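Everything below belongs to start.cif, which stores mmCIF, C-alpha atoms.
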```
data_data
#
loop_
_atom_site.label_atom_id
_atom_site.label_comp_id
_atom_site.auth_asym_id
_atom_site.auth_seq_id
_atom_site.Cartn_x
_atom_site.Cartn_y
_atom_site.Cartn_z
CA MET A 1 12.24 31.97 6.11
CA VAL A 2 15.60 33.10 7.43
CA PRO A 3 17.05 35.90 5.24
CA ASN A 4 19.74 34.77 2.76
CA LYS A 5 18.96 31.13 3.42
CA LYS A 6 18.18 28.94 0.42
CA PRO A 7 14.87 27.10 0.45
CA LEU A 8 14.99 23.43 1.37
CA ASN A 9 15.38 21.50 -1.88
CA ILE A 10 12.86 18.64 -1.85
CA MET A 11 12.88 16.17 -4.72
CA PHE A 12 10.23 13.48 -5.18
CA GLY A 13 10.59 10.38 -7.31
CA ASP A 14 7.96 7.96 -8.52
CA PHE A 15 10.16 5.82 -10.75
CA GLY A 16 9.29 3.05 -13.12
CA TYR A 17 10.96 0.94 -15.73
CA PHE A 18 10.78 2.27 -19.26
CA ASN A 19 11.72 0.83 -22.61
CA ARG A 20 11.18 1.87 -26.22
CA HIS A 21 7.56 0.72 -26.04
CA THR A 22 6.65 2.43 -22.78
CA ARG A 23 8.95 5.49 -22.76
CA PHE A 24 6.12 7.91 -23.52
CA ALA A 25 3.27 6.02 -21.84
CA ARG A 26 3.75 7.69 -18.48
CA PHE A 27 1.14 8.59 -15.95
CA THR A 28 0.98 11.59 -13.67
CA PRO A 29 2.56 10.80 -10.28
CA LEU A 30 -0.52 11.90 -8.38
CA GLY A 31 0.55 10.58 -4.95
CA ILE A 32 3.81 12.53 -4.79
CA GLY A 33 2.01 15.45 -6.41
CA TYR A 34 -0.36 15.67 -3.46
CA ILE A 35 2.49 15.40 -0.96
CA ALA A 36 4.56 18.03 -2.79
CA GLN A 37 1.63 20.44 -3.01
CA TYR A 38 0.79 19.96 0.66
CA ALA A 39 4.40 20.73 1.61
CA LYS A 40 4.49 23.76 -0.67
CA GLN A 41 1.24 25.12 0.78
CA LYS A 42 2.42 24.55 4.36
CA PHE A 43 6.00 25.85 4.03
CA GLY A 44 5.73 28.29 1.12
CA LYS A 45 9.02 29.93 0.20
CA ASP A 46 10.93 27.84 2.72
CA VAL A 47 10.83 24.87 0.30
CA ASP A 48 11.38 24.15 -3.38
CA VAL A 49 9.69 20.99 -4.61
CA SER A 50 10.11 19.03 -7.82
CA LEU A 51 8.68 15.72 -9.07
CA TYR A 52 10.29 13.12 -11.31
CA LYS A 53 9.30 9.95 -13.14
CA ASP A 54 12.57 9.70 -15.07
CA ILE A 55 15.65 8.67 -13.08
CA ASP A 56 18.06 10.34 -15.49
CA LYS A 57 16.30 13.70 -15.17
CA PHE A 58 16.15 13.24 -11.41
CA PHE A 59 19.91 12.67 -11.16
CA ASP A 60 20.67 15.51 -13.60
CA LYS A 61 18.75 17.94 -11.38
CA ALA A 62 20.30 16.52 -8.22
CA LYS A 63 23.77 17.17 -9.67
CA GLU A 64 22.80 20.78 -10.46
CA ARG A 65 21.55 21.44 -6.93
CA ALA A 66 21.94 18.87 -4.19
CA PRO A 67 18.64 17.85 -2.61
CA ASP A 68 18.11 18.31 1.11
CA VAL A 69 15.22 15.85 1.25
CA VAL A 70 14.18 13.10 -1.17
CA GLY A 71 10.83 11.34 -1.06
CA LEU A 72 10.43 8.14 -3.07
CA THR A 73 7.32 6.13 -3.84
CA VAL A 74 7.87 2.43 -3.22
CA PHE A 75 5.90 -0.26 -5.00
CA TYR A 76 6.83 -3.95 -5.00
CA TRP A 77 7.61 -3.71 -8.69
CA ASN A 78 10.04 -0.76 -8.37
CA ASN A 79 11.77 -1.88 -5.17
CA ASN A 80 15.10 -2.67 -6.84
CA LEU A 81 15.00 0.57 -8.78
CA ASN A 82 14.51 2.54 -5.56
CA GLN A 83 17.30 0.60 -3.84
CA TYR A 84 19.60 1.66 -6.68
CA VAL A 85 18.50 5.31 -6.39
CA VAL A 86 18.97 5.37 -2.60
CA LYS A 87 22.43 3.80 -2.88
CA CYS A 88 23.47 6.33 -5.56
CA LEU A 89 22.11 9.23 -3.52
CA ARG A 90 24.12 8.16 -0.48
CA GLN A 91 27.26 7.86 -2.59
CA MET A 92 26.65 11.32 -4.08
CA PHE A 93 25.50 13.26 -1.01
CA GLY A 94 26.32 11.21 2.07
CA SER A 95 24.34 11.52 5.28
CA GLU A 96 23.45 15.21 4.82
CA LEU A 97 20.55 14.14 2.64
CA THR A 98 17.30 12.94 4.24
CA ILE A 99 15.64 10.07 2.35
CA VAL A 100 12.00 9.21 3.12
CA LEU A 101 10.22 6.29 1.50
CA GLY A 102 6.48 5.87 1.25
CA GLY A 103 3.78 4.30 -0.82
CA PRO A 104 1.50 1.30 -0.92
CA SER A 105 4.29 -1.22 -0.33
CA ILE A 106 5.19 0.15 3.10
CA ASP A 107 3.79 -2.33 5.59
CA SER A 108 1.89 -1.10 8.66
CA ASP A 109 3.26 -3.95 10.79
CA PRO A 110 6.18 -2.69 12.96
CA LYS A 111 8.06 -5.98 12.62
CA GLN A 112 7.95 -5.70 8.81
CA GLN A 113 8.93 -2.02 8.96
CA LYS A 114 12.05 -2.90 10.93
CA ILE A 115 12.97 -5.57 8.40
CA PHE A 116 12.29 -3.17 5.53
CA LEU A 117 14.49 -0.43 7.00
CA SER A 118 17.28 -2.71 8.19
CA LYS A 119 17.46 -5.19 5.30
CA SER A 120 15.84 -3.72 2.16
CA PHE A 121 16.66 -0.03 2.65
CA PRO A 122 19.37 0.36 5.30
CA GLU A 123 20.48 3.64 3.71
CA ALA A 124 17.03 5.26 3.95
CA ASP A 125 16.24 7.53 6.89
CA ALA A 126 12.52 7.01 7.42
CA ILE A 127 9.33 5.53 6.03
CA ALA A 128 5.93 7.18 5.86
CA ILE A 129 3.13 4.93 7.02
CA ASN A 130 -0.23 5.19 5.22
CA GLU A 131 -0.90 8.64 3.73
CA GLY A 132 2.18 10.77 3.29
CA GLU A 133 1.09 14.40 3.23
CA ILE A 134 1.13 15.04 6.97
CA ALA A 135 3.90 12.53 7.76
CA PHE A 136 6.22 14.06 5.18
CA SER A 137 5.43 17.60 6.29
CA ASN A 138 6.20 16.57 9.89
CA ILE A 139 9.77 15.61 9.02
CA VAL A 140 10.22 18.67 6.81
CA GLU A 141 9.08 20.86 9.71
CA LYS A 142 11.67 19.24 11.99
CA ILE A 143 14.42 19.66 9.36
CA LEU A 144 13.54 23.33 8.90
CA SER A 145 13.56 23.81 12.68
CA ASP A 146 16.82 22.00 13.51
CA LYS A 147 18.23 19.26 11.28
CA LYS A 148 20.47 18.00 14.11
CA THR A 149 17.52 17.03 16.33
CA VAL A 150 15.20 15.46 13.73
CA TYR A 151 15.49 11.94 15.12
CA ASN A 152 15.59 12.81 18.83
CA GLU A 153 11.95 11.76 19.22
CA ALA A 154 9.21 9.94 17.31
CA ILE A 155 7.67 11.72 14.33
CA ASP A 156 3.94 11.26 13.76
CA GLY A 157 3.21 9.21 10.64
CA LEU A 158 6.80 8.03 10.27
CA SER A 159 9.00 5.18 11.39
CA PHE A 160 12.80 5.13 11.53
CA LEU A 161 15.56 3.13 13.15
CA ASP A 162 17.52 4.38 16.14
CA ASN A 163 20.42 2.09 17.08
CA GLY A 164 18.65 -0.79 15.34
CA GLU A 165 15.34 -0.26 17.14
CA LEU A 166 12.20 0.91 15.37
CA VAL A 167 10.86 4.29 16.48
CA SER A 168 7.33 5.10 15.31
CA GLY A 169 5.24 8.21 15.78
CA LYS A 170 1.47 8.29 16.19
CA PRO A 171 -0.36 6.80 13.19
CA ILE A 172 -1.82 9.27 10.71
CA GLY A 173 -4.37 6.83 9.29
CA THR A 174 -5.78 6.57 5.81
CA SER A 175 -8.41 9.27 5.63
CA THR A 176 -6.54 12.53 5.98
CA ASP A 177 -8.71 15.50 5.02
CA ILE A 178 -6.30 17.84 3.27
#
```
Can I see the file as structure tokens?
Amino acid sequence: MVPNKKPLNIMFGDFGYFNRHTRFARFTPLGIGYIAQYAKQKFGKDVDVSLYKDIDKFFDKAKERAPDVVGLTVFYWNNNLNQYVVKCLRQMFGSELTIVLGGPSIDSDPKQQKIFLSKSFPEADAIAINEGEIAFSNIVEKILSDKKTVYNEAIDGLSFLDNGELVSGKPIGTSTDI
């Protein structure tokens, strides 16, 4: 880590809808937990990671210290919730923030990925295809190296749009041995 440089603030969200009946019936967000731990083990003191199920707590923390990178788990049932979060994050932090989406609802078909990024989540930066540990760490590594050149070339395990065209790195697969 560069002396006197703050660690990269990485916030993960695995959001769901809660009401008075389900408010305390939460499960551990294991998927983002694995990704966060992998990033922490790989980058050590260069990153701070935090995980959230509750949107209000997520936004409270984001207001205290702006995130550099946000990773969100996308399911079909929380799609609208994530769209709201991404829109709010862009309004709060602009383009300085990197937003990566992943999860079981990210399609492996490039045509569907392009539609997803251009229509459903035009304000997101990238999507992780299949398992996220290595894909997410690949973009974090590029951000730590030089944030200005992150999207100059394909990133393994990720897809993003460049001038409306889908750019995809090499597939990571679904059996990563971490």
Picked residues, the PyMOL selection byres ((chain A and resi 56-62) around 9), as number ranges by chain: A: 11-13, 51-55, 63-67, 85, 89
Report, in Å with one decimal, the straight-line distance from CA of Pro110 (chain A) to CA of Val167 (chain A).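 Between these atoms lies a distance of 9.1 Å.
Within 12 Å of the point (2.9, 13.8, -10.7), and counting only C-alpha atoms, the protein, DNA and RNA residues are Met11, Phe12, Gly13, Asp14, Phe15, Arg26, Phe27, Thr28, Pro29, Leu30, Gly31, Ile32, Gly33, Tyr34, Ile35, Ala36, Gln37, Val49, Ser50, Leu51, Tyr52, Lys53, Asp54 and Thr73 of chain A.
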Sort by chain and increasing residue number a table of all residues of region 85-125 of chain A within 8 Å of region 150-164 of chain A, each with its closest pair of atoms and their distance in Å to one decimal, counting only C-alpha atoms, and write it as a Markdown table.
```
| residue | atom | partner | partner_atom | distance |
| --- | --- | --- | --- | --- |
| A:Gln113 | CA | A:Ser159 | CA | 7.6 |
| A:Lys114 | CA | A:Leu161 | CA | 7.3 |
| A:Leu117 | CA | A:Leu161 | CA | 7.2 |
| A:Ser118 | CA | A:Gly164 | CA | 7.5 |
| A:Asp125 | CA | A:Phe160 | CA | 6.3 |
```
Store the residues picked out above in a file with C-alpha atoms, as a compact mmCIF listing (two decimals), keeping the file's coordinate frame.
```
# COMPACT_ATOMS: atom_id res chain seq x y z
CA GLN A 113 8.93 -2.02 8.96
CA LYS A 114 12.05 -2.90 10.93
CA LEU A 117 14.49 -0.43 7.00
CA SER A 118 17.28 -2.71 8.19
CA ASP A 125 16.24 7.53 6.89
```
For a quick check of understanding, using all atoms listed in the file, which of A:Asp109, A:Glu133, A:Glu96, A:Glu123 has the smallest distance to Val69 (chain A)?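 With all atoms listed in the file as the atom set, the closest residue is A:Glu96.
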For Asn82 (chain A), which residue out of A:Glu131, A:Pro104, A:Thr98, A:Ala124 is the nearest one, using only C-alpha atoms?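 Nearest to Asn82 (chain A): A:Ala124.
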Convert the output of the PyMOL selection byres ((chain A and resi 8) around 9) on the shown file into explicit residues, formatted as a list in words. Lys5, Lys6, Pro7, Asn9, Ile10, Lys45, Asp46, Val47, Asp48, Val49, Pro67, Asp68, Val69, Val140, Ile143 and Leu144 of chain A
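CA of Gly102 (chain A) sits 5.8 Å away from CA of Val74 (chain A).
The spacing separating CA of Phe136 (chain A) from CA of Tyr17 (chain A) amounts to 25.1 Å.
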Residues within 6 Å of Val100 (chain A), please, as number ranges by chain. Count all atoms listed in the file; anything in the same chain fewer than 2 positions from it doesn't count. A: 71, 125-127
Atoms to include: C-alpha atoms. Write the selected residues as a PDB file, keeping the file's coordinate frame.
```
ATOM      1  CA  GLY A  71      10.830  11.340  -1.060  1.00  0.00           C
ATOM      2  CA  ASP A 125      16.240   7.530   6.890  1.00  0.00           C
ATOM      3  CA  ALA A 126      12.520   7.010   7.420  1.00  0.00           C
ATOM      4  CA  ILE A 127       9.330   5.530   6.030  1.00  0.00           C
TER       5      ILE A 127
END
```
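Nearest to Glu165 (chain A) of all the residues A:Gly16, A:Asn78, A:Leu97, A:Ile115 is A:Ile115, counting all atoms listed in the file.
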Take the PyMOL selection byres ((chain A and resi 137) around 9), run it mentally on this structure, and tell me the resulting residues as a CSV table (one decimal) with C-alpha atoms, keeping the file's coordinate frame.
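Generated file (result.csv):
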```csv
chain,number,residue,atom,x,y,z
A,35,ILE,CA,2.5,15.4,-1.0
A,38,TYR,CA,0.8,20.0,0.7
A,39,ALA,CA,4.4,20.7,1.6
A,42,LYS,CA,2.4,24.6,4.4
A,43,PHE,CA,6.0,25.8,4.0
A,132,GLY,CA,2.2,10.8,3.3
A,133,GLU,CA,1.1,14.4,3.2
A,134,ILE,CA,1.1,15.0,7.0
A,135,ALA,CA,3.9,12.5,7.8
A,136,PHE,CA,6.2,14.1,5.2
A,138,ASN,CA,6.2,16.6,9.9
A,139,ILE,CA,9.8,15.6,9.0
A,140,VAL,CA,10.2,18.7,6.8
A,141,GLU,CA,9.1,20.9,9.7
A,142,LYS,CA,11.7,19.2,12.0
```
